[in-house]
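Working notes for the structure below.
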2 protein chains.
Amino acid sequence: MTSRGAGPLYQRIADNLRARIQSGELAAGAKLPTEESLTKTHGVTRATVRQAVQVLVNEGLVVSERPRGHFVRRIERLIYRPQKEWRERPTHPELDQFMDEQVELGRKPSQTIAVELAAPPPDVAARLGLAEGDTVVIRKRVRYLDGTPFNTNDSYFPLELVQGSEIMHPADIGRGANQVLAELGAEQTHAVDEIEVRMPTPDEASRLEIGLGVPVAMHRVTGYTDNGRPVRVVRNVLPGDRHLIAFERTRPAKPQKGDEQ
Amino acid sequence: MTSRGAGPLYQRIADNLRARIQSGELAAGAKLPTEESLTKTHGVTRATVRQAVQVLVNEGLVVSERPRGHFVRRIERLIYRPQKEWRERPTHPELDQFMDEQVELGRKPSQTIAVELAAPPPDVAARLGLAEGDTVVIRKRVRYLDGTPFNTNDSYFPLELVQGSEIMHPADIGRGANQVLAELGAEQTHAVDEIEVRMPTPDEASRLEIGLGVPVAMHRVTGYTDNGRPVRVVRNVLPGDRHLIAFERTRPAKPQKGDEQ
């Protein structure tokens, strides 16, 4: 990751700064050398320095805080474990396992809940087996930690399934939406997790206060009943500088001796 | 996602183009209107048009192919299923499940393999319980589909464990590295998957031909033996425009009636 002595001048200055960030010489939160000082050190114009710093901004390593200058981004990823959704005794079913863990760590979680009726977006329609003309109930949540937006969690349910139930109320469901589904005869027993990686939309960037150069994971969960009926799709938007997604798995028992991989 | 009639002019032009991309009016691979035509349509300077298009490039929606112009990025995500690593009969153990599926789809996979001895990077050292002064064997693979680089897969093993084994040879291991570990008395029986989302390093961008505005998932797998000893760390770098990561899970049996979530 050191300067390779080739490529445009601004790239070499960027390489130099990046190496200093990655070695920890410029630690999280540290102020970058000023434009003026970089201009002198490298004997280049201010425009070249700006181009170099912009490379690091686009890579998500550096944050611009005008007029104070540029700073090394603090990246603190909290562990998010989708498999914990079904652990035995959640303390706060709707705040879910993610927030639960944060409470244990002494942070203060909060959330906003809104409920909308709308046509399903194409990915949701495909997974719930709905036509685009059908209607879904969307429970939209923004989750905060210590007042800072952390992620969004939008759950989509077929209207005909949840009509008239608590799921349509824009308030916390103490025992969890999964339990309400179970009471409606649509208990989820298995799920498929899908993770896509992309840049945030402007709307996501604004709702979640996502900086330049920070991508998101779109974590989509489709929940199925015992007989394979899809009853819920969840779309979580997780800013990459704040989340690490973790799964655990066990090797299945072998069918017979000598049949190992 | 339509123009909100507020914000800087270039943002509104970007909003307009983004909405046309998302509606499908400008489909994957389509050429964007020329700078000249956008200048006339919106009654703005060429600099403003360039700023608007750059927003979409940074979001990964648009690709610059000078001198031909700008095009809507083609995003085709292949499904990658980490859990399939341990399915019963892999056809090509080292090419693994990912490539296996591609063969079934008629694509031509290939890979390069290099073996290095090095000090473990901090995340690997922590997971393998090694000190930074220890040595690991790294099997570095780049996988290609139809000649295009698709992802990188680097496996880290403690030197003292794999010394002298096939794992140190820079060639395909027909029965798979997992089987070699098993023969060395270090069979993996469970694993932890971790997924981090970030922009690629310049090195990754160059090795994997990753365009502007395309983030990566860093998928890290730590494999453990039956008695909890970590014996392997894998780091996969997966460009976001080419991969969708999928897991499946089943709700554990309930401990007792009335104890549902």
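In the structure tokens, chains take letters A, B, ... by order of appearance, with residues numbered from 1 within each chain and ligands from 1 in the order shown.
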Considering only C-alpha atoms, give me a table of residues in chain B that are at most 7 Å from chain A, with the closest atom pair and distance in Å for each, as JSON lines.
{"residue": "B:Glu59", "atom": "CA", "partner": "A:Met199", "partner_atom": "CA", "distance": 5.5}
{"residue": "B:Gly60", "atom": "CA", "partner": "A:Met199", "partner_atom": "CA", "distance": 6.8}
{"residue": "B:Trp86", "atom": "CA", "partner": "A:Arg251", "partner_atom": "CA", "distance": 6.1}
{"residue": "B:Glu88", "atom": "CA", "partner": "A:Gln261", "partner_atom": "CA", "distance": 6.5}
{"residue": "B:Arg89", "atom": "CA", "partner": "A:Gln261", "partner_atom": "CA", "distance": 6.3}
{"residue": "B:Pro90", "atom": "CA", "partner": "A:Gln261", "partner_atom": "CA", "distance": 6.9}
{"residue": "B:Arg175", "atom": "CA", "partner": "A:Gln261", "partner_atom": "CA", "distance": 6.8}
{"residue": "B:Gln179", "atom": "CA", "partner": "A:Gln261", "partner_atom": "CA", "distance": 6.0}
{"residue": "B:Thr189", "atom": "CA", "partner": "A:Arg251", "partner_atom": "CA", "distance": 5.0}
{"residue": "B:His190", "atom": "CA", "partner": "A:Thr250", "partner_atom": "CA", "distance": 4.2}
{"residue": "B:Ala191", "atom": "CA", "partner": "A:Arg249", "partner_atom": "CA", "distance": 5.4}
{"residue": "B:Val192", "atom": "CA", "partner": "A:Glu248", "partner_atom": "CA", "distance": 4.5}
{"residue": "B:Asp193", "atom": "CA", "partner": "A:Phe247", "partner_atom": "CA", "distance": 5.0}
{"residue": "B:Glu194", "atom": "CA", "partner": "A:Ala246", "partner_atom": "CA", "distance": 4.4}
{"residue": "B:Ile195", "atom": "CA", "partner": "A:Ile245", "partner_atom": "CA", "distance": 5.0}
{"residue": "B:Glu196", "atom": "CA", "partner": "A:Leu244", "partner_atom": "CA", "distance": 5.2}
{"residue": "B:Val197", "atom": "CA", "partner": "A:Gly240", "partner_atom": "CA", "distance": 4.7}
{"residue": "B:Arg198", "atom": "CA", "partner": "A:Gly240", "partner_atom": "CA", "distance": 5.9}
{"residue": "B:Met199", "atom": "CA", "partner": "A:Glu59", "partner_atom": "CA", "distance": 5.4}
{"residue": "B:Gly213", "atom": "CA", "partner": "A:Met199", "partner_atom": "CA", "distance": 6.8}
{"residue": "B:Val214", "atom": "CA", "partner": "A:Arg198", "partner_atom": "CA", "distance": 6.5}
{"residue": "B:Pro215", "atom": "CA", "partner": "A:Arg198", "partner_atom": "CA", "distance": 5.9}
{"residue": "B:Val216", "atom": "CA", "partner": "A:Val197", "partner_atom": "CA", "distance": 6.7}
{"residue": "B:Ala217", "atom": "CA", "partner": "A:Val197", "partner_atom": "CA", "distance": 6.5}
{"residue": "B:Gly240", "atom": "CA", "partner": "A:Val197", "partner_atom": "CA", "distance": 4.7}
{"residue": "B:Leu244", "atom": "CA", "partner": "A:Glu196", "partner_atom": "CA", "distance": 5.2}
{"residue": "B:Ile245", "atom": "CA", "partner": "A:Ile195", "partner_atom": "CA", "distance": 5.0}
{"residue": "B:Ala246", "atom": "CA", "partner": "A:Glu194", "partner_atom": "CA", "distance": 4.4}
{"residue": "B:Phe247", "atom": "CA", "partner": "A:Asp193", "partner_atom": "CA", "distance": 5.0}
{"residue": "B:Glu248", "atom": "CA", "partner": "A:Val192", "partner_atom": "CA", "distance": 4.5}
{"residue": "B:Arg249", "atom": "CA", "partner": "A:Ala191", "partner_atom": "CA", "distance": 5.4}
{"residue": "B:Thr250", "atom": "CA", "partner": "A:His190", "partner_atom": "CA", "distance": 4.2}
{"residue": "B:Arg251", "atom": "CA", "partner": "A:Thr189", "partner_atom": "CA", "distance": 5.0}
{"residue": "B:Gln261", "atom": "CA", "partner": "A:Gln179", "partner_atom": "CA", "distance": 6.0}
Selected residues written out with N, CA and C atoms, as a compact mmCIF listing (two decimals), in the first residue's frame:
# COMPACT_ATOMS: atom_id res chain seq x y z
N GLU B 59 -22.13 7.17 -7.40
CA GLU B 59 -23.14 6.27 -6.84
C GLU B 59 -23.09 4.89 -7.50
N GLY B 60 -22.22 4.73 -8.48
CA GLY B 60 -22.09 3.44 -9.13
C GLY B 60 -23.17 3.16 -10.18
N TRP B 86 -20.07 -26.73 2.63
CA TRP B 86 -20.06 -28.03 3.27
C TRP B 86 -21.12 -28.97 2.72
N GLU B 88 -22.59 -32.02 0.46
CA GLU B 88 -21.99 -33.36 0.48
C GLU B 88 -20.95 -33.66 -0.60
N ARG B 89 -21.29 -33.36 -1.84
CA ARG B 89 -20.39 -33.78 -2.90
C ARG B 89 -20.05 -32.64 -3.84
N PRO B 90 -19.09 -31.82 -3.49
CA PRO B 90 -18.73 -30.74 -4.42
C PRO B 90 -18.10 -31.35 -5.67
N ARG B 175 -9.12 -32.64 -3.85
CA ARG B 175 -10.12 -33.00 -2.85
C ARG B 175 -10.43 -31.85 -1.90
N GLN B 179 -10.34 -30.98 3.18
CA GLN B 179 -10.04 -32.40 3.36
C GLN B 179 -8.59 -32.57 3.83
N THR B 189 -15.40 -28.11 11.74
CA THR B 189 -16.79 -28.55 11.93
C THR B 189 -17.75 -27.39 12.12
N HIS B 190 -17.22 -26.22 12.46
CA HIS B 190 -18.10 -25.05 12.45
C HIS B 190 -17.34 -23.80 12.02
N ALA B 191 -18.10 -22.80 11.64
CA ALA B 191 -17.48 -21.61 11.07
C ALA B 191 -18.28 -20.38 11.42
N VAL B 192 -17.60 -19.25 11.47
CA VAL B 192 -18.25 -17.96 11.65
C VAL B 192 -18.03 -17.14 10.38
N ASP B 193 -19.11 -16.65 9.80
CA ASP B 193 -19.05 -15.77 8.64
C ASP B 193 -19.21 -14.34 9.10
N GLU B 194 -18.32 -13.46 8.62
CA GLU B 194 -18.44 -12.04 8.94
C GLU B 194 -18.44 -11.27 7.62
N ILE B 195 -19.30 -10.29 7.52
CA ILE B 195 -19.37 -9.51 6.28
C ILE B 195 -19.21 -8.03 6.61
N GLU B 196 -18.18 -7.42 6.04
CA GLU B 196 -17.95 -5.98 6.17
C GLU B 196 -18.16 -5.35 4.81
N VAL B 197 -18.65 -4.14 4.80
CA VAL B 197 -18.94 -3.45 3.55
C VAL B 197 -18.12 -2.17 3.50
N ARG B 198 -17.36 -1.99 2.42
CA ARG B 198 -16.51 -0.80 2.30
C ARG B 198 -16.15 -0.58 0.85
N MET B 199 -15.48 0.54 0.57
CA MET B 199 -14.96 0.77 -0.77
C MET B 199 -13.71 -0.11 -0.94
N GLY B 213 -17.49 3.98 -7.73
CA GLY B 213 -18.83 3.90 -7.14
C GLY B 213 -19.30 2.49 -6.88
N VAL B 214 -18.40 1.51 -6.97
CA VAL B 214 -18.78 0.12 -6.69
C VAL B 214 -18.04 -0.35 -5.43
N PRO B 215 -18.77 -0.58 -4.35
CA PRO B 215 -18.14 -1.06 -3.12
C PRO B 215 -17.91 -2.57 -3.16
N VAL B 216 -17.26 -3.08 -2.13
CA VAL B 216 -17.06 -4.53 -2.01
C VAL B 216 -17.61 -5.02 -0.67
N ALA B 217 -17.93 -6.31 -0.65
CA ALA B 217 -18.15 -6.99 0.62
C ALA B 217 -16.88 -7.74 0.93
N GLY B 240 -19.49 -5.53 -5.30
CA GLY B 240 -20.93 -5.44 -5.06
C GLY B 240 -21.81 -5.52 -6.29
N LEU B 244 -24.39 -11.45 -4.86
CA LEU B 244 -25.42 -11.37 -3.82
C LEU B 244 -25.10 -12.53 -2.88
N ILE B 245 -24.96 -12.23 -1.60
CA ILE B 245 -24.61 -13.27 -0.63
C ILE B 245 -25.89 -13.79 -0.01
N ALA B 246 -26.08 -15.09 0.02
CA ALA B 246 -27.33 -15.65 0.54
C ALA B 246 -27.07 -16.71 1.61
N PHE B 247 -27.87 -16.65 2.66
CA PHE B 247 -27.86 -17.66 3.71
C PHE B 247 -29.29 -18.17 3.89
N GLU B 248 -29.40 -19.39 4.39
CA GLU B 248 -30.73 -19.89 4.76
C GLU B 248 -30.69 -20.30 6.21
N ARG B 249 -31.82 -20.10 6.89
CA ARG B 249 -31.83 -20.53 8.29
C ARG B 249 -33.21 -21.05 8.68
N THR B 250 -33.22 -21.89 9.69
CA THR B 250 -34.44 -22.53 10.16
C THR B 250 -34.62 -22.15 11.61
N ARG B 251 -35.85 -21.86 11.98
CA ARG B 251 -36.11 -21.51 13.37
C ARG B 251 -35.84 -22.70 14.26
N GLN B 261 -41.39 -16.75 20.70
CA GLN B 261 -40.97 -15.34 20.59
C GLN B 261 -42.19 -14.51 20.22
Discussion item. Run DSSP on the backbone and tell me which residues of segment 21-259 of chain B come out as strand (DSSP E); list them as an MDAnalysis selection string.
Written reply: chainID B and resid 62:65 69:72 78:80 109:118 136:145 148:158 190:198 216:224 230:239 243:250
Discussion item. As an exercise, work out the distance from atom CA of Ala114 of chain A to atom CA of Tyr144 of chain A in Å and give it to one decimal place.
Written reply: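 Distance reported for this atom pair: 14.6 Å.
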Item to complete: Check the DSSP output for the backbone and give back, as a PyMOL selection string, the residues of segment 78-217 of chain A in alpha helix (DSSP H).
Response: chain A and resi 96-104+122-128+159-162+177-183+202-207
Discussion item. Taking 4 positions as the minimum chain separation for residues in the same chain, which residues sit within 9 Å of Leu128 of chain B when counting only C-alpha atoms? Answer as an NGL selection string.
Written reply: :B and (123-124 or 156-158 or 222 or 229-233)
Restrict the selected residues to N, CA and C atoms and save them as a PDB file, in the first residue's frame.
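The new file again-v4.pdb reads:
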ATOM      1  N   ASP B 123      -6.405  -8.765  11.717  1.00  0.00           N
ATOM      2  CA  ASP B 123      -7.705  -9.444  11.870  1.00  0.00           C
ATOM      3  C   ASP B 123      -7.534 -10.967  11.818  1.00  0.00           C
ATOM      4  N   VAL B 124      -6.601 -11.424  10.992  1.00  0.00           N
ATOM      5  CA  VAL B 124      -6.359 -12.863  10.873  1.00  0.00           C
ATOM      6  C   VAL B 124      -5.651 -13.380  12.140  1.00  0.00           C
ATOM      7  N   TYR B 156      -5.912 -18.262   4.941  1.00  0.00           N
ATOM      8  CA  TYR B 156      -4.784 -18.161   5.860  1.00  0.00           C
ATOM      9  C   TYR B 156      -4.766 -19.369   6.791  1.00  0.00           C
ATOM     10  N   PHE B 157      -3.599 -20.050   6.857  1.00  0.00           N
ATOM     11  CA  PHE B 157      -3.442 -21.219   7.735  1.00  0.00           C
ATOM     12  C   PHE B 157      -2.225 -21.001   8.630  1.00  0.00           C
ATOM     13  N   PRO B 158      -2.268 -21.440   9.893  1.00  0.00           N
ATOM     14  CA  PRO B 158      -1.049 -21.375  10.720  1.00  0.00           C
ATOM     15  C   PRO B 158       0.029 -22.251  10.080  1.00  0.00           C
ATOM     16  N   THR B 222     -14.064 -17.796   9.515  1.00  0.00           N
ATOM     17  CA  THR B 222     -13.131 -18.454  10.431  1.00  0.00           C
ATOM     18  C   THR B 222     -13.655 -19.864  10.673  1.00  0.00           C
ATOM     19  N   ARG B 229     -10.834 -25.077  18.115  1.00  0.00           N
ATOM     20  CA  ARG B 229      -9.557 -24.516  17.688  1.00  0.00           C
ATOM     21  C   ARG B 229      -9.721 -23.873  16.306  1.00  0.00           C
ATOM     22  N   PRO B 230      -9.350 -22.594  16.153  1.00  0.00           N
ATOM     23  CA  PRO B 230      -9.449 -21.973  14.825  1.00  0.00           C
ATOM     24  C   PRO B 230      -8.298 -22.451  13.947  1.00  0.00           C
ATOM     25  N   VAL B 231      -8.601 -22.935  12.743  1.00  0.00           N
ATOM     26  CA  VAL B 231      -7.552 -23.523  11.898  1.00  0.00           C
ATOM     27  C   VAL B 231      -7.437 -22.867  10.529  1.00  0.00           C
ATOM     28  N   ARG B 232      -8.369 -21.986  10.202  1.00  0.00           N
ATOM     29  CA  ARG B 232      -8.333 -21.377   8.876  1.00  0.00           C
ATOM     30  C   ARG B 232      -9.146 -20.095   8.898  1.00  0.00           C
ATOM     31  N   VAL B 233      -8.596 -19.052   8.252  1.00  0.00           N
ATOM     32  CA  VAL B 233      -9.381 -17.844   8.005  1.00  0.00           C
ATOM     33  C   VAL B 233      -9.393 -17.616   6.498  1.00  0.00           C
TER      34      VAL B 233
END
